[in-house]
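A.B. asks: Attaching a single structure in structure tokens format; questions to follow.
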Amino acid sequence: MRDLLREVLLLQPAWSRQNTPAMQKRGRLVRHEIAAWLRERLPDVAETSGRIDDWAVEARDGTGLKNEIPWARVYSASRSASATTGWYVVYLFGASGDRVYLSLMQGTTRWENGEFHPRPAVELRRRAQWAREALSPFLQGRGELVERISLGARKSKLGPAYEAGTVVAFDYRVDGLPGEEVLTADLRFLVSVLGKLYQLAENAIDLPGEMAPEVLDALVTAEQAAGRSRRGQGLRLTAAERAAIERQAVAVASRHLTADGFVVADVGATRSYDLDARRGEQRLFVEVKGTTSAWGGDSEIILTKNEVDLHEHVYPNNMLVVVSRITLDRTTTPVTASGGELHVVHPWRVLRPNLTPMTFRYVVGNERDGGSASLARRQQPCHGERAAGSPDLPILPEAWR
């Protein structure tokens, strides 16, 4: 492996977007030989990964135009379906050929409203810092690890993103590449840390840049109800934890309204809103949402159809109260919640474009033609264009494939 890494590094100064002879050789080294070396070691590194059983290898140097920073990664197929998402261990080759990093890093995009969007560098750095702090017990004693990498990219926008997204890395200089034994041991160690990171991320309720846990849990539950479940994706919060967060949010909202002169009644158990607030002739229908996450301009809440219908009907005599950054103490029995930051929207107009459907109820066999749809109708695409040369098959969006 040391010779393979050196050969790639020596070709880096000759980088070109075109498929020159040098880039053809680099591609063979990265996509075939280095990838093969990693695959040979998967059974060994998997021994340190606990319950994860879907380790895979992927290597890329650019499809068509060649990348300035080629890479080869080890990842869980269910937890990092592509190099743009999730966490993984990856070899990253410096643009000038002076070094290669074995980096524990993250994908640089997130899924929002049906599309992938680049994560801002500041968000990548916050997520990397979160991971370093969460993994600190497992990183002790490895003083050779670095927290910052420098790929020296001249043209690529991905270079800075890789740098911002790195948690920790081994820094191998071209003139001091370690031997096979050290390279294998370092890979084994970092993949074992990655296994711990997967578990921490799956259970985290404060991971920067991720959906609030209650929103993600609602999505997971909806998919499970529809017969779809993501491997490795479980619920972030238990029923007791959700109840504790809800109680704390209602308590904070009630204190706020009481201090403002309202008489407040908690009606959440029987009505499609949480608090009935009255002050003289004024009456407010108050929706309360609680979350352990920070609150920002792109934060989301979960609403039922009845809640949406009610607040559309009673506007402007309504209010939305979101209590963010609630602290959840899982060390107590029962679990307790405290604190929180108040965010008030009054009056609250529910904007239909801001609503995203999560599941649908569908009555099968109730079409206009009296029951069963014809074969021709069932073959019509439900979304997207038809595939060329195949009139019955739609071209699916990338996220559906």
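The chains in the structure tokens are called A, B, ... from first to last as shown; in each chain the residues are counted from 1, and the ligands are counted from 1 in the order shown.
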Quick one: pick out all helix (DSSP H, G or I) residues within region 127-208 of chain A from a backbone DSSP run and write them as a VMD selection string.
C.D. replies: chain A and resid 127 to 139 158 to 165 174 to 176 180 to 203
A.B. asks: For region 186-255 of chain A versus region 317-322 of chain A, which residues have an atom no more than 9 Å away, and what is each residue's nearest atom pair and distance in Å rounded to one decimal, using only C-alpha atoms, chain-then-number order, as CSV?
C.D. replies:
residue,atom,partner,partner_atom,distance
A:Ala249,CA,A:Val322,CA,7.4
A:Val250,CA,A:Val321,CA,8.9
A:Ala253,CA,A:Val321,CA,6.6
A.B. asks: Create the file for the chosen residues now, containing N, CA and C atoms and written as a short mmCIF file (atom, residue, chain, number, x, y, z; two decimals), in the first residue's frame.
C.D. replies:
data_model
loop_
_atom_site.label_atom_id
_atom_site.label_comp_id
_atom_site.auth_asym_id
_atom_site.auth_seq_id
_atom_site.Cartn_x
_atom_site.Cartn_y
_atom_site.Cartn_z
N ALA A 249 -42.02 22.12 27.58
CA ALA A 249 -42.39 23.17 26.64
C ALA A 249 -43.70 23.82 27.04
N VAL A 250 -44.68 23.04 27.43
CA VAL A 250 -45.98 23.58 27.86
C VAL A 250 -45.80 24.43 29.11
N ALA A 253 -44.19 27.76 28.10
CA ALA A 253 -45.17 28.59 27.38
C ALA A 253 -46.23 29.13 28.33
#
A.B. asks: List the spatial neighbours of Lys305 (chain A) as number ranges by chain - criterion: any atom at most 12 Å away, only C-alpha atoms, same-chain residues fewer than 2 positions off excluded.
C.D. replies: A: 272-273, 302-303, 307-312, 350, 352, 355-361
A.B. asks: Using only C-alpha atoms for the distances, tell me which of A:Gly94, A:Gly195, A:Pro13, A:Gly152 is nearest to Asp54 (chain A).
C.D. replies: A:Gly195
